[in-house]
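data_7.tsv follows; it contains TSV, C-alpha atoms.
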chain	number	residue	atom	x	y	z
A	1	MET	CA	-40.52	55.84	0.44
A	2	THR	CA	-37.93	55.52	-2.34
A	3	THR	CA	-35.37	54.30	0.17
A	4	LEU	CA	-37.84	51.77	1.56
A	5	LEU	CA	-38.68	50.46	-1.90
A	6	LEU	CA	-35.00	50.16	-2.80
A	7	ALA	CA	-34.25	48.28	0.41
A	8	THR	CA	-37.20	45.97	-0.16
A	9	ALA	CA	-36.13	45.28	-3.73
A	10	THR	CA	-32.59	44.53	-2.61
A	11	ALA	CA	-33.84	42.11	0.05
A	12	VAL	CA	-36.09	40.33	-2.42
A	13	THR	CA	-33.23	40.08	-4.93
A	14	ALA	CA	-30.97	38.61	-2.24
A	15	GLN	CA	-33.63	36.10	-1.24
A	16	GLU	CA	-34.19	35.14	-4.86
A	17	THR	CA	-30.45	34.65	-5.35
A	18	VAL	CA	-30.24	32.39	-2.34
A	19	GLY	CA	-33.27	30.47	-3.52
A	20	LEU	CA	-31.96	30.07	-7.06
A	21	ASN	CA	-28.56	28.89	-5.82
A	22	ALA	CA	-29.88	26.49	-3.24
A	23	GLY	CA	-32.99	25.26	-5.01
A	24	ASN	CA	-34.82	22.28	-3.57
A	25	ILE	CA	-32.25	19.74	-4.74
A	26	VAL	CA	-30.66	17.54	-2.09
A	27	SER	CA	-27.25	16.38	-3.21
A	28	PRO	CA	-25.58	14.34	-1.96
A	29	GLU	CA	-28.24	12.47	-0.02
A	30	VAL	CA	-26.91	9.74	2.24
A	31	ASN	CA	-29.64	7.12	2.41
A	32	ALA	CA	-30.52	4.89	5.35
A	33	ASP	CA	-28.84	1.89	3.73
A	34	ASN	CA	-25.52	3.79	3.27
A	35	THR	CA	-26.06	4.30	-0.43
A	36	VAL	CA	-25.76	7.89	-1.62
A	37	THR	CA	-27.70	9.75	-4.30
A	38	ILE	CA	-26.09	12.53	-6.33
A	39	ARG	CA	-28.45	14.95	-8.12
A	40	PHE	CA	-27.76	17.72	-10.63
A	41	PHE	CA	-30.30	19.91	-12.48
A	42	ALA	CA	-29.25	20.63	-16.07
A	43	PRO	CA	-32.12	20.34	-18.61
A	44	GLN	CA	-29.93	21.30	-21.58
A	45	ALA	CA	-27.00	19.02	-20.78
A	46	LYS	CA	-26.34	16.08	-23.08
A	47	GLU	CA	-24.20	13.98	-20.73
A	48	VAL	CA	-23.40	14.13	-17.04
A	49	THR	CA	-20.93	11.74	-15.44
A	50	LEU	CA	-19.62	11.24	-11.94
A	51	GLU	CA	-16.00	10.76	-10.87
A	52	ALA	CA	-15.80	9.36	-7.35
A	53	ASP	CA	-13.51	7.48	-5.03
A	54	PHE	CA	-16.28	4.99	-4.25
A	55	LEU	CA	-16.69	3.81	-7.85
A	56	PRO	CA	-14.70	0.84	-9.22
A	57	LYS	CA	-11.15	2.04	-9.69
A	58	GLN	CA	-9.46	2.52	-13.06
A	59	LYS	CA	-5.85	1.42	-13.46
A	60	ILE	CA	-3.33	3.63	-15.22
A	61	GLN	CA	0.40	3.41	-15.90
A	62	THR	CA	2.76	5.90	-14.27
A	63	PRO	CA	6.54	6.23	-14.54
A	64	ARG	CA	6.71	4.31	-11.24
A	65	GLY	CA	4.32	1.55	-12.33
A	66	GLU	CA	0.61	0.81	-12.35
A	67	THR	CA	-1.70	2.65	-9.95
A	68	GLU	CA	-5.40	3.20	-9.40
A	69	ILE	CA	-7.50	6.33	-9.96
A	70	ALA	CA	-11.10	7.19	-9.16
A	71	GLY	CA	-13.77	5.44	-11.20
A	72	ARG	CA	-16.54	6.98	-13.32
A	73	ALA	CA	-20.28	6.43	-13.79
A	74	ALA	CA	-23.09	8.05	-15.79
A	75	LEU	CA	-26.01	9.93	-14.27
A	76	THR	CA	-29.48	9.44	-15.75
A	77	LYS	CA	-31.83	12.27	-16.71
A	78	ASP	CA	-35.56	12.47	-15.94
A	79	ALA	CA	-38.27	14.33	-17.87
A	80	GLN	CA	-37.72	17.54	-15.88
A	81	GLY	CA	-33.99	17.65	-16.60
A	82	LEU	CA	-32.82	16.35	-13.21
A	83	TRP	CA	-29.83	14.05	-13.46
A	84	SER	CA	-29.21	11.51	-10.70
A	85	TYR	CA	-27.08	8.55	-9.67
A	86	THR	CA	-27.48	6.25	-6.68
A	87	SER	CA	-24.41	4.35	-5.53
A	88	PRO	CA	-24.06	0.84	-4.19
A	89	VAL	CA	-23.79	0.50	-0.40
A	90	LEU	CA	-20.68	2.45	0.62
A	91	THR	CA	-18.06	1.75	3.23
A	92	PRO	CA	-17.72	4.16	6.16
A	93	GLU	CA	-15.33	6.83	4.94
A	94	LEU	CA	-14.90	10.42	3.86
A	95	HIS	CA	-15.86	10.05	0.19
A	96	THR	CA	-14.98	12.50	-2.59
A	97	TYR	CA	-16.54	13.15	-5.97
A	98	SER	CA	-16.92	15.65	-8.81
A	99	LEU	CA	-19.12	15.97	-11.91
A	100	ASN	CA	-18.40	16.19	-15.62
A	101	VAL	CA	-21.04	18.02	-17.63
A	102	ASP	CA	-20.69	17.77	-21.41
A	103	GLY	CA	-16.93	17.50	-21.04
A	104	LEU	CA	-16.55	20.22	-18.40
A	105	ARG	CA	-15.38	19.13	-14.94
A	106	MET	CA	-17.26	20.90	-12.17
A	107	LEU	CA	-18.26	20.65	-8.54
A	108	ASP	CA	-21.72	19.77	-7.29
A	109	PRO	CA	-23.46	23.18	-6.91
A	110	ASN	CA	-25.75	21.73	-4.24
A	111	ASN	CA	-22.91	20.60	-1.97
A	112	VAL	CA	-21.02	23.33	-0.14
A	113	TYR	CA	-18.47	20.89	1.29
A	114	MET	CA	-15.27	20.78	-0.74
A	115	ILE	CA	-11.57	20.17	-0.20
A	116	ARG	CA	-8.40	20.81	-2.21
A	117	ASP	CA	-5.91	18.08	-2.98
A	118	ILE	CA	-2.87	19.71	-4.64
A	119	PHE	CA	-4.51	21.61	-7.55
A	120	THR	CA	-7.91	19.87	-7.63
A	121	TYR	CA	-11.06	20.60	-5.66
A	122	THR	CA	-13.61	17.86	-4.97
A	123	ASN	CA	-16.85	17.68	-3.04
A	124	TYR	CA	-17.08	15.32	-0.10
A	125	PHE	CA	-19.48	13.66	2.29
A	126	PHE	CA	-19.25	11.17	5.15
A	127	ILE	CA	-20.58	7.68	5.57
A	128	ASP	CA	-20.50	7.18	9.32
A	129	GLY	CA	-19.30	3.90	10.77
A	130	GLU	CA	-16.43	2.16	12.51
A	131	LEU	CA	-13.75	3.05	9.97
A	132	SER	CA	-14.74	6.72	9.69
A	133	ALA	CA	-16.02	7.33	13.22
A	134	ASN	CA	-13.01	9.41	14.23
A	135	TYR	CA	-13.01	11.55	11.08
A	136	ILE	CA	-16.25	13.29	12.04
A	137	VAL	CA	-16.63	16.12	14.54
A	138	ARG	CA	-18.12	14.68	17.72
A	139	ASP	CA	-19.34	16.22	20.95
A	140	VAL	CA	-15.97	15.89	22.69
A	141	PRO	CA	-13.39	18.38	23.99
A	142	HIS	CA	-11.65	19.99	21.03
A	143	GLY	CA	-8.05	20.97	20.56
A	144	THR	CA	-6.86	24.16	18.89
A	145	VAL	CA	-5.49	24.32	15.32
A	146	ALA	CA	-3.20	27.27	14.61
A	147	LYS	CA	-1.27	28.47	11.56
A	148	VAL	CA	2.10	29.32	13.05
A	149	TRP	CA	4.92	31.33	11.43
A	150	TYR	CA	8.48	30.47	12.36
A	151	PRO	CA	11.99	31.41	11.12
A	152	SER	CA	13.92	28.90	9.02
A	153	PRO	CA	17.57	29.98	8.86
A	154	LYS	CA	18.62	26.71	7.22
A	155	LEU	CA	16.29	27.45	4.29
A	156	ASN	CA	17.25	31.15	4.26
A	157	MET	CA	13.68	32.19	5.04
A	158	ALA	CA	12.70	34.68	7.71
A	159	GLN	CA	9.22	33.17	7.86
A	160	ARG	CA	7.67	29.82	7.04
A	161	ARG	CA	4.32	28.46	8.14
A	162	MET	CA	3.27	25.26	9.85
A	163	THR	CA	-0.02	23.98	11.24
A	164	VAL	CA	0.07	23.13	14.95
A	165	TYR	CA	-2.60	21.27	16.89
A	166	THR	CA	-2.60	21.54	20.66
A	167	PRO	CA	-4.93	19.19	22.57
A	168	ALA	CA	-7.96	20.21	24.60
A	169	GLY	CA	-6.82	21.70	27.89
A	170	TYR	CA	-3.43	22.89	26.66
A	171	ASP	CA	-4.37	26.55	27.18
A	172	ASP	CA	-6.18	25.98	30.47
A	173	PRO	CA	-4.32	27.92	33.22
A	174	LYS	CA	-4.72	24.87	35.46
A	175	ASN	CA	-2.45	22.96	33.05
A	176	LYS	CA	0.21	25.65	32.67
A	177	GLU	CA	2.92	23.40	34.10
A	178	ARG	CA	2.02	20.36	32.03
A	179	ARG	CA	4.30	19.33	29.19
A	180	TYR	CA	3.31	17.26	26.16
A	181	PRO	CA	4.83	14.81	23.69
A	182	VAL	CA	5.08	15.93	20.06
A	183	PHE	CA	4.08	14.15	16.87
A	184	TYR	CA	5.47	15.57	13.60
A	185	LEU	CA	3.19	14.62	10.69
A	186	LEU	CA	4.39	15.26	7.12
A	187	HIS	CA	2.47	15.60	3.85
A	188	GLY	CA	3.15	14.22	0.37
A	189	ALA	CA	4.36	15.74	-2.89
A	190	GLY	CA	2.15	18.64	-3.95
A	191	GLY	CA	0.73	18.97	-0.44
A	192	ASP	CA	1.40	21.68	2.11
A	193	GLU	CA	0.84	22.52	5.76
A	194	ASN	CA	-2.95	22.34	5.24
A	195	ALA	CA	-3.02	18.81	3.81
A	196	TRP	CA	-3.19	16.72	6.97
A	197	SER	CA	-5.55	19.06	8.83
A	198	GLU	CA	-8.01	19.23	5.91
A	199	LEU	CA	-7.72	16.08	3.79
A	200	GLY	CA	-6.34	13.95	6.60
A	201	ARG	CA	-8.84	15.05	9.29
A	202	ALA	CA	-5.92	14.96	11.71
A	203	ALA	CA	-7.44	17.29	14.32
A	204	GLN	CA	-10.73	15.40	14.38
A	205	ILE	CA	-8.91	12.06	14.63
A	206	LEU	CA	-6.82	13.23	17.59
A	207	ASP	CA	-9.77	14.93	19.33
A	208	ASN	CA	-11.75	11.71	19.17
A	209	LEU	CA	-8.91	9.33	20.03
A	210	ILE	CA	-7.86	11.43	23.02
A	211	ALA	CA	-11.47	11.75	24.24
A	212	GLN	CA	-11.84	7.96	23.99
A	213	GLY	CA	-8.69	7.45	26.03
A	214	LYS	CA	-7.05	5.66	23.11
A	215	ALA	CA	-4.34	8.28	22.44
A	216	GLU	CA	-2.23	10.38	24.74
A	217	PRO	CA	-2.81	14.14	24.67
A	218	MET	CA	-0.11	15.40	22.31
A	219	ILE	CA	0.99	18.34	20.23
A	220	LEU	CA	0.69	17.65	16.50
A	221	VAL	CA	2.96	19.58	14.14
A	222	MET	CA	2.22	19.63	10.40
A	223	PRO	CA	4.93	21.62	8.58
A	224	ASN	CA	5.24	22.58	4.92
A	225	GLY	CA	7.62	20.06	3.33
A	226	ASN	CA	8.32	22.10	0.20
A	227	GLY	CA	11.69	23.74	0.65
A	228	GLY	CA	10.94	26.48	-1.89
A	229	GLN	CA	7.70	27.57	-0.24
A	230	GLN	CA	6.96	29.61	2.82
A	231	ALA	CA	3.36	28.42	3.04
A	232	VAL	CA	0.33	27.35	1.02
A	233	PRO	CA	-0.38	29.20	-2.24
A	234	GLY	CA	-1.71	32.69	-1.60
A	235	GLU	CA	-0.47	32.93	1.97
A	236	TYR	CA	2.81	34.74	1.39
A	237	ALA	CA	4.12	37.41	-0.96
A	238	ASN	CA	4.01	36.60	-4.70
A	239	SER	CA	2.54	33.17	-4.06
A	240	MET	CA	-0.62	33.20	-6.18
A	241	TYR	CA	0.38	30.21	-8.27
A	242	LYS	CA	-1.06	26.85	-9.21
A	243	PRO	CA	0.26	24.09	-6.95
A	244	SER	CA	2.08	21.21	-8.61
A	245	PHE	CA	3.02	17.66	-7.71
A	246	MET	CA	6.72	18.47	-7.48
A	247	ASN	CA	7.52	21.88	-6.08
A	248	PRO	CA	11.12	23.12	-6.12
A	249	ARG	CA	13.34	21.79	-3.34
A	250	THR	CA	11.07	19.04	-2.06
A	251	MET	CA	13.47	16.09	-2.13
A	252	ASP	CA	16.90	17.66	-2.37
A	253	GLY	CA	17.83	17.17	1.30
A	254	ALA	CA	17.12	20.76	2.38
A	255	ILE	CA	14.01	19.92	4.40
A	256	GLU	CA	15.75	17.04	6.15
A	257	ALA	CA	18.77	19.21	6.96
A	258	ALA	CA	16.61	22.02	8.34
A	259	PHE	CA	14.14	19.95	10.30
A	260	ALA	CA	15.92	19.31	13.57
A	261	SER	CA	17.12	22.87	14.11
A	262	ASP	CA	14.37	24.95	12.49
A	263	VAL	CA	11.17	22.96	13.07
A	264	VAL	CA	11.89	20.87	16.17
A	265	GLY	CA	13.96	23.67	17.68
A	266	PHE	CA	11.13	26.18	17.27
A	267	ILE	CA	8.49	23.85	18.70
A	268	ASP	CA	10.61	22.97	21.74
A	269	SER	CA	11.32	26.65	22.43
A	270	HIS	CA	7.74	27.90	21.94
A	271	TYR	CA	5.56	25.09	23.30
A	272	ARG	CA	5.50	23.09	26.52
A	273	THR	CA	7.05	19.96	25.11
A	274	LEU	CA	8.69	16.88	26.55
A	275	ALA	CA	11.87	17.44	24.57
A	276	ASP	CA	13.40	13.99	24.39
A	277	LYS	CA	13.41	10.98	22.09
A	278	ALA	CA	10.84	9.05	24.10
A	279	HIS	CA	8.30	11.81	23.59
A	280	ARG	CA	8.81	12.55	19.88
A	281	ALA	CA	7.25	10.83	16.88
A	282	ILE	CA	7.56	11.48	13.16
A	283	ALA	CA	5.49	10.06	10.30
A	284	GLY	CA	4.47	11.04	6.81
A	285	LEU	CA	2.77	9.95	3.63
A	286	SER	CA	4.51	9.45	0.28
A	287	MET	CA	7.12	12.24	0.07
A	288	GLY	CA	6.48	12.85	3.78
A	289	GLY	CA	7.32	9.19	4.39
A	290	PHE	CA	10.56	9.75	2.47
A	291	HIS	CA	11.30	12.78	4.64
A	292	SER	CA	10.40	10.86	7.82
A	293	LEU	CA	12.73	8.02	6.87
A	294	TYR	CA	15.73	10.30	6.32
A	295	ILE	CA	15.05	12.79	9.10
A	296	SER	CA	14.86	9.95	11.62
A	297	LEU	CA	17.83	8.20	9.99
A	298	ASN	CA	20.04	11.27	10.36
A	299	ASN	CA	18.77	12.08	13.88
A	300	PRO	CA	18.72	8.68	15.64
A	301	ASP	CA	18.48	10.26	19.09
A	302	MET	CA	15.46	12.42	18.25
A	303	PHE	CA	12.48	10.12	17.47
A	304	ASP	CA	11.36	6.95	19.23
A	305	TYR	CA	8.38	6.52	16.88
A	306	VAL	CA	8.67	6.51	13.09
A	307	GLY	CA	5.82	5.98	10.62
A	308	LEU	CA	6.24	5.46	6.88
A	309	PHE	CA	2.85	5.70	5.14
A	310	SER	CA	3.05	4.73	1.44
A	311	ALA	CA	6.55	6.09	1.63
A	312	ALA	CA	8.59	7.17	-1.40
A	313	ILE	CA	11.61	5.07	-0.51
A	314	ASN	CA	14.19	5.22	-3.29
A	315	ARG	CA	16.32	8.30	-3.77
A	316	GLY	CA	18.37	7.31	-6.83
A	317	ASN	CA	21.67	9.18	-7.18
A	318	PRO	CA	21.70	12.16	-4.81
A	319	GLN	CA	23.59	15.20	-5.98
A	320	GLY	CA	24.35	18.66	-4.62
A	321	ASP	CA	24.95	20.30	-1.26
A	322	TYR	CA	22.61	18.02	0.67
A	323	ALA	CA	23.64	14.70	-0.86
A	324	PHE	CA	25.10	13.62	2.49
A	325	ILE	CA	21.54	13.22	3.81
A	326	TYR	CA	21.05	10.16	1.60
A	327	GLN	CA	24.54	8.64	1.86
A	328	ASN	CA	25.77	5.80	4.06
A	329	VAL	CA	22.25	4.49	4.54
A	330	ASP	CA	23.32	1.05	5.79
A	331	GLU	CA	25.59	2.52	8.44
A	332	LYS	CA	22.91	5.00	9.52
A	333	LEU	CA	20.26	2.28	9.73
A	334	ALA	CA	22.58	0.21	11.92
A	335	ARG	CA	23.05	3.17	14.24
A	336	GLN	CA	19.32	4.01	14.32
A	337	PHE	CA	18.21	0.46	15.10
A	338	SER	CA	21.00	-0.08	17.61
A	339	LYS	CA	19.14	2.53	19.65
A	340	ALA	CA	15.94	0.45	19.33
A	341	PRO	CA	13.08	2.72	18.21
A	342	LYS	CA	10.00	1.84	20.24
A	343	LEU	CA	7.92	1.69	17.06
A	344	TYR	CA	9.02	1.65	13.42
A	345	TYR	CA	5.79	1.38	11.44
A	346	ILE	CA	5.39	0.78	7.70
A	347	ALA	CA	1.97	0.82	6.01
A	348	ILE	CA	0.95	0.75	2.35
A	349	GLY	CA	-1.88	-0.28	0.06
A	350	ASP	CA	-1.49	-3.36	-2.12
A	351	ALA	CA	-2.30	-1.36	-5.28
A	352	ASP	CA	0.05	1.52	-4.45
A	353	PHE	CA	2.57	2.36	-7.18
A	354	LEU	CA	5.22	2.51	-4.44
A	355	TYR	CA	4.43	-1.01	-3.24
A	356	LYS	CA	7.49	-2.68	-4.80
A	357	ASP	CA	9.83	-0.03	-3.39
A	358	ASN	CA	8.42	-0.68	0.06
A	359	VAL	CA	8.83	-4.44	-0.39
A	360	GLY	CA	12.50	-3.86	-1.22
A	361	TYR	CA	12.99	-1.65	1.80
A	362	ARG	CA	11.39	-4.20	4.12
A	363	GLN	CA	13.66	-6.87	2.69
A	364	LYS	CA	16.64	-4.69	3.61
A	365	LEU	CA	15.35	-4.37	7.18
A	366	ASP	CA	14.57	-8.09	7.37
A	367	GLN	CA	18.07	-9.06	6.23
A	368	LYS	CA	19.54	-7.12	9.14
A	369	GLY	CA	16.97	-8.31	11.65
A	370	TYR	CA	15.70	-4.78	12.33
A	371	ARG	CA	12.34	-4.80	14.10
A	372	TYR	CA	9.40	-2.99	12.54
A	373	GLU	CA	5.64	-3.39	12.22
A	374	TYR	CA	3.96	-3.72	8.85
A	375	ARG	CA	0.36	-3.09	7.89
A	376	GLU	CA	-0.98	-3.68	4.39
A	377	THR	CA	-4.36	-2.47	3.20
A	378	ASP	CA	-6.16	-2.70	-0.10
A	379	GLY	CA	-6.25	0.28	-2.44
A	380	GLY	CA	-3.64	2.59	-3.84
A	381	HIS	CA	-1.95	5.91	-3.14
A	382	ILE	CA	-5.01	7.52	-1.60
A	383	TRP	CA	-6.14	9.58	1.38
A	384	SER	CA	-8.59	6.93	2.55
A	385	ASN	CA	-5.56	4.77	3.37
A	386	TRP	CA	-3.54	7.54	5.01
A	387	ARG	CA	-6.41	8.53	7.31
A	388	LYS	CA	-6.61	4.88	8.41
A	389	TYR	CA	-2.87	4.75	9.06
A	390	LEU	CA	-3.01	7.88	11.22
A	391	ASN	CA	-6.02	6.48	13.08
A	392	TRP	CA	-4.05	3.29	13.82
A	393	PHE	CA	-0.63	4.86	14.43
A	394	ALA	CA	-1.53	7.66	16.86
A	395	PRO	CA	-2.85	5.32	19.62
A	396	ARG	CA	0.51	3.53	19.63
A	397	LEU	CA	2.48	6.64	20.54
A	398	PHE	CA	4.03	7.59	23.86
A	399	LYS	CA	2.79	4.54	25.76

Translate this file's structure into C-alpha cells.
Amino acid sequence: MTTLLLATATAVTAQETVGLNAGNIVSPEVNADNTVTIRFFAPQAKEVTLEADFLPKQKIQTPRGETEIAGRAALTKDAQGLWSYTSPVLTPELHTYSLNVDGLRMLDPNNVYMIRDIFTYTNYFFIDGELSANYIVRDVPHGTVAKVWYPSPKLNMAQRRMTVYTPAGYDDPKNKERRYPVFYLLHGAGGDENAWSELGRAAQILDNLIAQGKAEPMILVMPNGNGGQQAVPGEYANSMYKPSFMNPRTMDGAIEAAFASDVVGFIDSHYRTLADKAHRAIAGLSMGGFHSLYISLNNPDMFDYVGLFSAAINRGNPQGDYAFIYQNVDEKLARQFSKAPKLYYIAIGDADFLYKDNVGYRQKLDQKGYRYEYRETDGGHIWSNWRKYLNWFAPRLFK
C-alpha cells in the first residue's frame, strides 16, 4: 500500500508539473490573417517587451558601417496578469523573437521551439506562404542529415566534424551505383557546422526543392569554418565555452588552405560523388562567402558554381603563413574566369553593413568583363535573406 501511495503521489506530482509548465496559454498563436499573438503570464512583472525580427528594424553603427537589428515592442497586461502583443500581418518566413521581463531577457516559456545563433537563443515560428514554403517539413521523401567526423591533417587535427546531407534514396540498395554532385555550403563568423542545417533550414529546403523537381538530388556538405575548432561547443574535449563572433583562426587562410585536401578529399573518398568541376558547387554567407571566394579563387578547376551571400569581401593586409591565399587576386580572378564558371552568384541585402564592399567587388568584376549574376534584396545581414538565397541558388546547380 505504501508503495502504491508513493507511486500515485509521484504520478500526480509529475502531472502537476507538466500542467504548471504548459498551462493553458497559447503562445505564439498564428492567426488566420497571418498576424501572430504572443502571450506571457507574469502578474508581478512591471514591464514586458518583445524583441522580434518582424518588428520595424533599429539601425545601429558598427565598425563596418550602419546595419539593422531586430525591433522592439511593448506587451500589454490585462487584469489577470496576462501580457500580450498582436503583430501586424507578417510575411511568410521563419520568424524569431524573445522577451524582456523587467530588464531580464528570456525565452517564451510557452514555446518549445528555439534555435541558437552564435551565443543567443531565440524562439521561432513559421508563417507559411510562397517565400517560406520550402523551409517547412512537408510530406515528401526526406534526405539524411549526419554529423560526420573526418581527419584534417592541414589543421593538425585528428578529428573535425561536418554536417552532411544525403538526398532521399542515397542509401537505397537500388541506387548503390549512382553518383551525386556535391554542394559545399559555408557558415558565417560565430557559426559552426550546425548553422545551415538549423538556422538555414538547408535540409528542408533541399528535400522540398528536390521533391518538386526544381533541384537535382545532391550531397550537401556543411563544414565547420573555424580553424581553431573541431566542432560545435560541447561536442569535443574541453569545448564547453561560450561561442563568439570571431573564433581563433577563422580568416587567417588556414581553412582555405585545408579545404581542397581535407574536406573535398574526404567527401570524394567516402561518398559516391561526381568528382569533377561540373558537379561541385561552393557558397557561403558572410565569412563563409569570404571563404567561398578564396577557396574557389585558389582552386579554379574545382568548382563550376560559386555563391557569395552577403560576403565579407575585403581582407586588408594579410600576414602570416597563409598570406599567399589572399595575394595576387587580380591574376587569380583572371585565371578563374578564363575557365568560365557556369554560375558566379552574388546576393546581398540593401541594408547590409557589407553592401559597399560588395559594390566595390562587383565593380572590379565589371571592369574586367567577368560574368556573374547579382541579386539584391531588402534587409540587412540576416538569416531571412540567406535562406532566400539558398532557396534561389540551389535550383540553379548542376543543370

Shell of 9 Å around Ile25 in chain A, all atoms listed in the file, local chain residues under 3 positions omitted, as a PyMOL selection string: chain A and resi 22+39-41+110

Best match for closeness to Val359 in chain A among A:Asn224, A:Ser197, A:Ser310, A:Gln229, counting only C-alpha atoms: A:Ser310

Within 10 Å of Arg178 in chain A using only C-alpha atoms, minus same-chain residues under 4 positions, as a list in words: Gly169, Tyr170, Pro173, Lys174, Arg272, Thr273 and Leu274 of chain A

Exercise: Ser239 in chain A partners within 9 Å, only C-alpha atoms, chain neighbours under 5 positions left out, as a ChimeraX atom specification: /A:229-234

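Distance cut-off 12 Å, centre (-10.5, 23.7, -0.9), atoms counted only C-alpha atoms; the residues meeting this are Leu107, Val112, Tyr113, Met114, Ile115, Arg116, Asp117, Ile118, Phe119, Thr120, Tyr121, Thr122, Asn123, Tyr124, Asn194, Ala195, Ser197, Glu198, Leu199, Val232 and Pro233 of chain A.
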
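Between Met302 in chain A and the candidates A:Ile60, A:Val329, A:Ala260, A:Ala74, the tightest atom-to-atom separation, counting all atoms listed in the file, involves A:Ala260.
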
7 Å contact set for range 382-398 of chain A, all atoms listed in the file, chain neighbours under 4 positions out, as a PDB file with C-alpha atoms, keeping the file's coordinate frame:
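Saved file around04.pdb follows:
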ATOM      1  CA  GLY A 200      -6.340  13.950   6.600  1.00  0.00           C
ATOM      2  CA  ILE A 205      -8.910  12.060  14.630  1.00  0.00           C
ATOM      3  CA  LYS A 214      -7.050   5.660  23.110  1.00  0.00           C
ATOM      4  CA  ALA A 215      -4.340   8.280  22.440  1.00  0.00           C
ATOM      5  CA  GLU A 216      -2.230  10.380  24.740  1.00  0.00           C
ATOM      6  CA  ALA A 278      10.840   9.050  24.100  1.00  0.00           C
ATOM      7  CA  HIS A 279       8.300  11.810  23.590  1.00  0.00           C
ATOM      8  CA  LEU A 285       2.770   9.950   3.630  1.00  0.00           C
ATOM      9  CA  TYR A 305       8.380   6.520  16.880  1.00  0.00           C
ATOM     10  CA  PHE A 309       2.850   5.700   5.140  1.00  0.00           C
ATOM     11  CA  ALA A 347       1.970   0.820   6.010  1.00  0.00           C
TER      12      ALA A 347
END

Near-Met251 in chain A list (8 Å; only C-alpha atoms; drop same-chain fewer than 2 positions) as an MDAnalysis selection string: chainID A and resid 249 253:255 287 291
